[in-house]
>>> print(open('my_file-v2.cif').read())   # mmCIF, C-alpha atoms and all ligand atoms
data_entry
loop_
_atom_site.label_atom_id
_atom_site.label_comp_id
_atom_site.auth_asym_id
_atom_site.auth_seq_id
_atom_site.Cartn_x
_atom_site.Cartn_y
_atom_site.Cartn_z
CA MET A 17 0.00 0.00 0.00
CA ALA A 18 1.27 3.48 -0.90
CA VAL A 19 0.20 5.37 2.20
CA LEU A 20 0.31 9.16 1.99
CA ALA A 21 1.90 10.20 5.30
CA PRO A 22 0.02 13.04 7.04
CA GLU A 23 3.10 15.32 6.86
CA LEU A 24 3.11 15.00 3.04
CA ALA A 25 -0.62 15.51 2.55
CA GLU A 26 -0.46 19.30 2.19
CA ALA A 27 2.34 19.12 -0.42
CA ALA A 28 0.41 16.46 -2.34
CA ARG A 29 -2.73 18.62 -2.31
CA ARG A 30 -0.80 21.65 -3.56
CA LEU A 31 0.95 19.76 -6.34
CA PHE A 32 -1.91 17.59 -7.58
CA GLY A 33 -4.93 19.73 -6.72
CA GLU A 34 -8.19 18.12 -7.74
CA ARG A 35 -6.31 15.22 -9.35
CA LEU A 36 -4.96 13.99 -6.03
CA ASP A 37 -7.13 10.88 -6.33
CA VAL A 38 -5.51 10.04 -9.70
CA ALA A 39 -2.06 10.51 -8.11
CA ALA A 40 -3.11 8.17 -5.29
CA ALA A 41 -4.24 5.55 -7.82
CA TYR A 42 -0.87 5.80 -9.60
CA ALA A 43 1.03 5.53 -6.28
CA GLU A 44 -0.93 2.37 -5.52
CA LEU A 45 -0.22 0.95 -8.98
CA LEU A 46 3.53 1.52 -8.53
CA ALA A 47 3.54 0.01 -5.04
CA THR A 48 1.68 -3.12 -6.15
CA ASP A 49 1.93 -4.00 -9.86
CA GLY A 50 5.07 -1.88 -10.30
CA VAL A 51 6.91 -3.83 -7.60
CA VAL A 52 5.56 -7.25 -8.66
CA ARG A 53 6.62 -6.59 -12.27
CA GLY A 54 10.07 -5.39 -11.23
CA LEU A 55 9.69 -1.74 -12.32
CA ILE A 56 10.16 -0.36 -8.83
CA GLY A 57 12.34 -1.90 -6.14
CA PRO A 58 10.39 -3.30 -3.17
CA ARG A 59 12.23 -0.91 -0.83
CA GLU A 60 10.80 2.04 -2.80
CA ALA A 61 7.18 1.14 -1.99
CA PRO A 62 7.03 3.01 1.36
CA ARG A 63 8.64 6.14 -0.14
CA ILE A 64 6.73 6.36 -3.39
CA TRP A 65 5.04 9.64 -2.45
CA ASP A 66 8.05 11.68 -1.38
CA ARG A 67 10.88 10.24 -3.48
CA HIS A 68 8.91 9.74 -6.64
CA LEU A 69 5.52 11.46 -6.97
CA LEU A 70 6.13 14.72 -5.09
CA ASN A 71 9.73 14.96 -6.28
CA CYS A 72 8.61 14.70 -9.93
CA ALA A 73 5.47 16.84 -9.62
CA ALA A 74 7.54 19.77 -8.30
CA VAL A 75 9.13 20.10 -11.75
CA ALA A 76 5.78 21.17 -13.24
CA GLU A 77 6.56 24.76 -12.16
CA LEU A 78 9.18 24.96 -14.96
CA ILE A 79 6.78 23.87 -17.71
CA PRO A 80 4.71 26.49 -19.55
CA PRO A 81 0.93 26.09 -20.03
CA GLY A 82 -0.16 23.78 -22.84
CA ALA A 83 3.38 22.52 -23.53
CA SER A 84 4.14 19.26 -25.31
CA VAL A 85 6.46 17.23 -23.12
CA LEU A 86 8.63 14.28 -24.15
CA ASP A 87 9.80 12.17 -21.23
CA VAL A 88 12.92 10.20 -22.16
CA GLY A 89 13.56 6.91 -20.32
CA SER A 90 10.25 6.98 -18.46
CA GLY A 91 10.73 3.58 -16.81
CA ALA A 92 7.58 3.19 -14.72
CA GLY A 93 6.41 6.69 -15.74
CA LEU A 94 8.70 9.04 -13.85
CA PRO A 95 8.42 11.94 -14.26
CA GLY A 96 6.12 11.77 -17.36
CA VAL A 97 3.01 10.16 -15.84
CA VAL A 98 3.28 12.33 -12.72
CA LEU A 99 3.47 15.52 -14.81
CA ALA A 100 0.46 14.42 -16.87
CA ILE A 101 -1.52 13.90 -13.65
CA ALA A 102 -0.45 17.18 -12.04
CA ARG A 103 -1.02 19.19 -15.24
CA SER A 104 -3.98 18.23 -17.41
CA ASP A 105 -2.98 20.97 -19.91
CA LEU A 106 0.17 19.09 -21.00
CA ALA A 107 0.49 16.66 -23.91
CA VAL A 108 2.98 14.04 -22.74
CA THR A 109 4.85 11.39 -24.72
CA LEU A 110 6.63 8.67 -22.73
CA ILE A 111 9.74 7.39 -24.54
CA GLU A 112 10.98 4.05 -23.29
CA PRO A 113 12.77 1.25 -25.17
CA LEU A 114 11.98 -1.76 -22.94
CA ALA A 115 8.83 -3.69 -23.85
CA ARG A 116 8.15 -4.80 -20.28
CA ARG A 117 8.09 -1.16 -19.22
CA THR A 118 6.04 0.16 -22.14
CA ALA A 119 3.45 -2.58 -21.46
CA PHE A 120 3.13 -1.32 -17.88
CA LEU A 121 2.99 2.30 -19.07
CA GLU A 122 0.23 1.59 -21.59
CA GLU A 123 -1.84 -0.20 -18.97
CA ALA A 124 -1.25 2.55 -16.40
CA VAL A 125 -2.25 5.32 -18.84
CA GLU A 126 -5.47 3.43 -19.62
CA GLU A 127 -6.27 2.65 -15.99
CA LEU A 128 -5.64 6.22 -14.82
CA GLY A 129 -7.82 7.71 -17.56
CA LEU A 130 -4.94 9.60 -19.20
CA THR A 131 -5.33 8.37 -22.77
CA ASP A 132 -6.32 11.82 -24.08
CA SER A 133 -3.10 13.46 -22.92
CA VAL A 134 -0.45 10.72 -22.77
CA ARG A 135 1.10 8.60 -25.51
CA VAL A 136 3.71 5.87 -25.23
CA PHE A 137 6.54 5.56 -27.75
CA ARG A 138 8.49 2.32 -27.57
CA GLY A 139 12.07 3.01 -28.57
CA ARG A 140 15.18 4.92 -27.68
CA ALA A 141 15.34 8.70 -27.72
CA GLU A 142 17.54 8.50 -30.81
CA GLU A 143 14.78 6.53 -32.58
CA ALA A 144 12.05 8.88 -31.39
CA ALA A 145 13.97 11.79 -32.93
CA VAL A 146 13.25 10.37 -36.38
CA GLY A 147 10.24 8.11 -35.75
CA SER A 148 7.80 9.94 -33.48
CA ASP A 149 5.35 12.55 -34.72
CA ALA A 150 5.42 14.11 -31.23
CA VAL A 151 8.84 15.53 -32.22
CA PRO A 152 9.69 18.37 -31.89
CA GLY A 153 8.29 18.86 -28.40
CA ASP A 154 8.51 22.03 -26.32
CA VAL A 155 10.13 20.40 -23.30
CA VAL A 156 12.11 17.17 -22.87
CA THR A 157 12.34 15.67 -19.38
CA ALA A 158 14.61 12.90 -18.10
CA ARG A 159 15.28 11.47 -14.66
CA ALA A 160 18.06 9.02 -13.82
CA VAL A 161 18.71 8.15 -17.46
CA ALA A 162 22.31 9.13 -18.34
CA PRO A 163 25.09 11.65 -17.61
CA LEU A 164 24.46 15.16 -18.90
CA ASP A 165 26.60 14.94 -22.05
CA ARG A 166 24.86 11.80 -23.31
CA LEU A 167 21.47 13.15 -22.25
CA VAL A 168 21.96 16.36 -24.21
CA GLY A 169 23.02 14.37 -27.30
CA TRP A 170 19.83 12.28 -27.09
CA CYS A 171 17.35 14.89 -25.91
CA LEU A 172 18.08 18.18 -27.70
CA PRO A 173 17.23 16.66 -31.13
CA LEU A 174 13.73 15.98 -29.73
CA THR A 175 13.00 19.68 -29.43
CA GLY A 176 13.30 22.65 -31.78
CA ALA A 177 15.46 25.76 -31.45
CA GLY A 178 14.43 27.44 -28.19
CA GLY A 179 13.08 24.15 -26.77
CA ARG A 180 14.35 22.91 -23.42
CA LEU A 181 15.75 19.88 -21.66
CA LEU A 182 14.85 19.55 -17.98
CA ALA A 183 17.13 16.94 -16.44
CA LEU A 184 16.16 15.86 -12.92
CA LYS A 185 19.45 15.33 -11.15
CA GLY A 186 20.58 14.58 -7.61
CA ALA A 187 23.43 16.06 -5.63
CA SER A 188 25.78 15.64 -8.61
CA ALA A 189 24.05 18.33 -10.68
CA ALA A 190 26.57 21.17 -10.27
CA GLU A 191 29.48 18.78 -10.76
CA GLU A 192 27.93 17.43 -13.96
CA ILE A 193 27.49 20.95 -15.32
CA THR A 194 31.20 21.65 -14.77
CA GLU A 195 32.24 18.30 -16.20
CA HIS A 196 30.04 18.35 -19.29
CA GLY A 197 29.67 22.08 -20.00
CA GLU A 198 31.92 21.89 -23.07
CA ALA A 199 29.97 18.95 -24.55
CA VAL A 200 26.65 20.73 -23.91
CA HIS A 201 27.90 23.77 -25.82
CA ARG A 202 29.25 21.65 -28.70
CA LEU A 203 25.85 19.90 -29.00
CA GLY A 204 24.01 23.21 -29.35
CA GLY A 205 22.90 23.73 -25.75
CA GLY A 206 23.00 27.08 -23.95
CA GLN A 207 24.50 27.66 -20.52
CA PRO A 208 22.93 25.09 -18.13
CA VAL A 209 20.82 26.63 -15.36
CA LEU A 210 20.36 24.92 -12.01
CA HIS A 211 16.87 25.07 -10.44
CA ARG A 212 15.55 23.94 -7.08
CA CYS A 213 11.89 23.11 -7.66
CA GLY A 214 9.20 22.90 -5.02
CA GLU A 215 11.06 25.06 -2.52
CA GLY A 216 8.98 25.24 0.67
CA VAL A 217 6.70 22.46 -0.60
CA VAL A 218 8.86 19.35 -1.00
CA ASP A 219 11.84 18.49 1.18
CA PRO A 220 14.41 18.41 -0.27
CA PRO A 221 13.52 20.47 -3.34
CA THR A 222 14.04 18.73 -6.69
CA THR A 223 17.29 19.64 -8.43
CA VAL A 224 16.79 20.27 -12.14
CA VAL A 225 19.30 21.22 -14.82
CA GLU A 226 17.67 23.28 -17.57
CA ILE A 227 19.35 23.48 -20.98
CA VAL A 228 17.88 25.46 -23.87
CA ARG A 229 18.56 24.27 -27.43
CA GLU A 230 20.17 27.45 -28.70
CA ARG A 231 21.64 26.13 -31.94
CA ILE A 232 20.70 23.26 -34.20
CA VAL A 233 23.84 21.21 -34.71
CA GLY A 234 24.06 17.86 -36.38
CA PRO A 235 25.74 15.99 -39.17
CA SER A 236 26.38 18.28 -42.14
CA PRO A 237 23.99 17.61 -45.01
CA ARG A 238 25.23 14.99 -47.41
CA LYS A 239 26.57 16.19 -50.74
CA PRO A 240 24.03 15.76 -53.53
CA PRO A 241 24.77 12.64 -55.59
CA LYS A 242 26.72 13.22 -58.79
CA LYS A 243 24.56 13.34 -61.88
CA SER A 244 24.89 10.09 -63.78
CA ARG A 245 26.13 10.58 -67.31
CA SER A 246 23.58 9.72 -69.94
CA ARG A 247 24.69 7.02 -72.32
CA ARG A 248 22.61 8.48 -75.08
CA ARG A 249 24.30 11.02 -77.27
C1 LIG B 1 17.21 4.12 -14.22
S1 LIG B 1 15.83 4.08 -15.26
C2 LIG B 1 14.96 5.56 -14.77
C3 LIG B 1 13.49 5.45 -15.03
C4 LIG B 1 12.68 6.68 -14.60
N1 LIG B 1 13.01 7.85 -15.37
C5 LIG B 1 12.83 6.95 -13.12
O1 LIG B 1 13.32 8.01 -12.75
O2 LIG B 1 12.45 6.07 -12.32
C6 LIG B 1 16.49 4.57 -16.86
C7 LIG B 1 15.52 4.32 -18.01
O3 LIG B 1 16.04 4.90 -19.19
C8 LIG B 1 15.79 4.03 -20.28
N2 LIG B 1 16.76 4.37 -21.35
C9 LIG B 1 18.08 4.07 -21.40
N3 LIG B 1 18.62 4.57 -22.53
C10 LIG B 1 17.64 5.21 -23.21
C11 LIG B 1 17.56 5.92 -24.45
N4 LIG B 1 18.62 6.06 -25.23
N5 LIG B 1 16.38 6.43 -24.83
C12 LIG B 1 15.28 6.29 -24.04
N6 LIG B 1 15.28 5.63 -22.86
C13 LIG B 1 16.44 5.09 -22.46
C14 LIG B 1 15.92 2.64 -19.68
O4 LIG B 1 15.24 1.65 -20.42
C15 LIG B 1 15.31 2.85 -18.30
O5 LIG B 1 13.92 2.58 -18.27
#
>>> encode(input="my_file-v2.cif", output="structure tokens")
Amino acid sequence: MAVLAPELAEAARRLFGERLDVAAAYAELLATDGVVRGLIGPREAPRIWDRHLLNCAAVAELIPPGASVLDVGSGAGLPGVVLAIARSDLAVTLIEPLARRTAFLEEAVEELGLTDSVRVFRGRAEEAAVGSDAVPGDVVTARAVAPLDRLVGWCLPLTGAGGRLLALKGASAAEEITEHGEAVHRLGGGQPVLHRCGEGVVDPPTTVVEIVRERIVGPSPRKPPKKSRSRRR
């Protein structure tokens, strides 16, 4: 059972508003089916609300109204499903390569009544960049998927110029920015900005690295093929 501790109830109400019951149904799904199917570790069950739902929902404050959001490496739906619950104005695409996980995601989306606003794309981010009609999105999210340099390489192509990556990171965020700043710039990203989301609501606040796609960089266009010489004179 995913029990919402009394000390977290106010934060949950503020972040999920009138959809708190949908959030509770998702928490229950993660703590039961999610654990049985190996998507969430059994030790996570008692801390689903604070470490997963509230932590992810806090990021909604960085997402503009009506945005299309692509969540790369959703796993069991974090943060994508949580954002879709907290913000009914968002159009969310969950990008996940593993069939076992996309099966769970599809069932969860159906069960939670989110089919109008959430789609599931089975594949890697690199495949979604060329194979999903949800691309380009306004915002790309990712939590616990890869180091910043790899993440930027996968995620910036999913958005257009001016679009943004929001990478949910732990204590290593500032270190990662220093370590991968050069790669971020080379891949077309602007100066990474560190945010603490949910200040005064969730404890600790969620650390997010925001990177805007400032320049479109990619492989240079191939040379046009040489004209074949006509045999006819
Ligand atoms: C550690 S899990 C994190 C899942 C979820 N975001 C969370 O915070 O619980 C990393 C997920 O990223 C997915 N993944 C790895 N490489 C990927 C890629 N190139 N494109 C999309 N997803 C990827 C994996 O299949 C896995 O589900």
>>> closest_atom_pairs(input="my_file-v2.cif", of="stretch 41-112 of chain A", to="stretch 205-229 of chain A", cutoff="12 Å", atoms="all atoms listed in the file", output="CSV")
residue,atom,partner,partner_atom,distance
A:Trp65,CA,A:Val218,CA,10.5
A:Asp66,CA,A:Val218,CA,7.7
A:Arg67,CA,A:Pro220,CA,9.5
A:His68,CA,A:Thr222,CA,10.4
A:Leu69,CA,A:Val218,CA,10.4
A:Leu70,CA,A:Val218,CA,6.8
A:Asn71,CA,A:Thr222,CA,5.7
A:Cys72,CA,A:Thr222,CA,7.5
A:Ala73,CA,A:Gly214,CA,8.5
A:Ala74,CA,A:Gly214,CA,4.8
A:Val75,CA,A:Cys213,CA,5.8
A:Ala76,CA,A:Cys213,CA,8.5
A:Glu77,CA,A:Cys213,CA,7.2
A:Leu78,CA,A:Cys213,CA,8.0
A:Ile79,CA,A:Glu226,CA,10.9
A:Pro95,CA,A:Thr222,CA,11.6
>>> write_last_selection(input="my_file-v2.cif", atoms="C-alpha atoms", output="CSV table (one decimal), in the frame of the given file")
chain,number,residue,atom,x,y,z
A,65,TRP,CA,5.0,9.6,-2.4
A,66,ASP,CA,8.0,11.7,-1.4
A,67,ARG,CA,10.9,10.2,-3.5
A,68,HIS,CA,8.9,9.7,-6.6
A,69,LEU,CA,5.5,11.5,-7.0
A,70,LEU,CA,6.1,14.7,-5.1
A,71,ASN,CA,9.7,15.0,-6.3
A,72,CYS,CA,8.6,14.7,-9.9
A,73,ALA,CA,5.5,16.8,-9.6
A,74,ALA,CA,7.5,19.8,-8.3
A,75,VAL,CA,9.1,20.1,-11.8
A,76,ALA,CA,5.8,21.2,-13.2
A,77,GLU,CA,6.6,24.8,-12.2
A,78,LEU,CA,9.2,25.0,-15.0
A,79,ILE,CA,6.8,23.9,-17.7
A,95,PRO,CA,8.4,11.9,-14.3
>>> residues_near_ligand(input="my_file-v2.cif", ligand="ligand LIG 1 (chain B)", cutoff="6 Å", atoms="only C-alpha atoms and all ligand atoms", output="list of chain:residue names")
A:Val88, A:Gly89, A:Ser90, A:Gly91, A:Leu94, A:Ile111, A:Glu112, A:Pro113, A:Leu114, A:Arg140, A:Ala141, A:Ala158, A:Arg159, A:Ala160, A:Val161
>>> residues_around(input="my_file-v2.cif", residues="A:Val155", least_positions_apart="5", cutoff="8 Å", atoms="all atoms listed in the file", output="list in words")
Ile79, Ala83, Ser84, Val85, Leu86, Thr175, Gly179, Arg180, Leu181 and Leu182 of chain A
>>> write_last_selection(input="my_file-v2.cif", atoms="C-alpha atoms", output="CSV table (one decimal), keeping the file's coordinate frame")
chain,number,residue,atom,x,y,z
A,79,ILE,CA,6.8,23.9,-17.7
A,83,ALA,CA,3.4,22.5,-23.5
A,84,SER,CA,4.1,19.3,-25.3
A,85,VAL,CA,6.5,17.2,-23.1
A,86,LEU,CA,8.6,14.3,-24.2
A,175,THR,CA,13.0,19.7,-29.4
A,179,GLY,CA,13.1,24.2,-26.8
A,180,ARG,CA,14.4,22.9,-23.4
A,181,LEU,CA,15.8,19.9,-21.7
A,182,LEU,CA,14.8,19.6,-18.0
>>> atom_distance(input="my_file-v2.cif", atom1="atom CA of A:Gly169", atom2="atom CA of A:Val200")
8.1 Å
>>> atom_distance(input="my_file-v2.cif", atom1="atom CA of A:Leu203", atom2="atom CA of A:Gly186")
22.7 Å
>>> closest_residue(input="my_file-v2.cif", among="A:Ala187, A:Val136, A:Ala162, A:Ala25", to="A:Val108", atoms="all atoms listed in the file")
A:Val136
>>> atom_distance(input="my_file-v2.cif", atom1="atom CA of A:Leu99", atom2="atom CA of A:Glu143")
22.9 Å
>>> closest_residue(input="my_file-v2.cif", among="A:Glu127, A:Asp154, A:Glu142, A:Glu230", to="A:Ala39", atoms="all atoms listed in the file")
A:Glu127
>>> closest_residue(input="my_file-v2.cif", among="A:Val168, A:Ala43, A:Leu55, A:Val146", to="A:Ala115", atoms="all atoms listed in the file")
A:Leu55
>>> axis_aligned_box(input="my_file-v2.cif", around="stretch 34-37 of chain A", padding_each_side="3 Å", output="lines of an AutoDock Vina configuration file")
center_x = -6.6
center_y = 14.5
center_z = -7.7
size_x = 9.2
size_y = 13.2
size_z = 9.3
>>> closest_residue(input="my_file-v2.cif", among="A:Thr48, A:Thr194, A:Ser148, A:Ser104", to="A:Phe120", atoms="only C-alpha atoms")
A:Thr48
>>> closest_residue(input="my_file-v2.cif", among="A:Ala119, A:Ala177, A:Ala150, A:Ile193", to="A:Arg53", atoms="only C-alpha atoms")
A:Ala119
>>> closest_residue(input="my_file-v2.cif", among="A:Ala47, A:Val156, A:Ile64, A:Leu172", to="A:Leu24", atoms="only C-alpha atoms")
A:Ile64
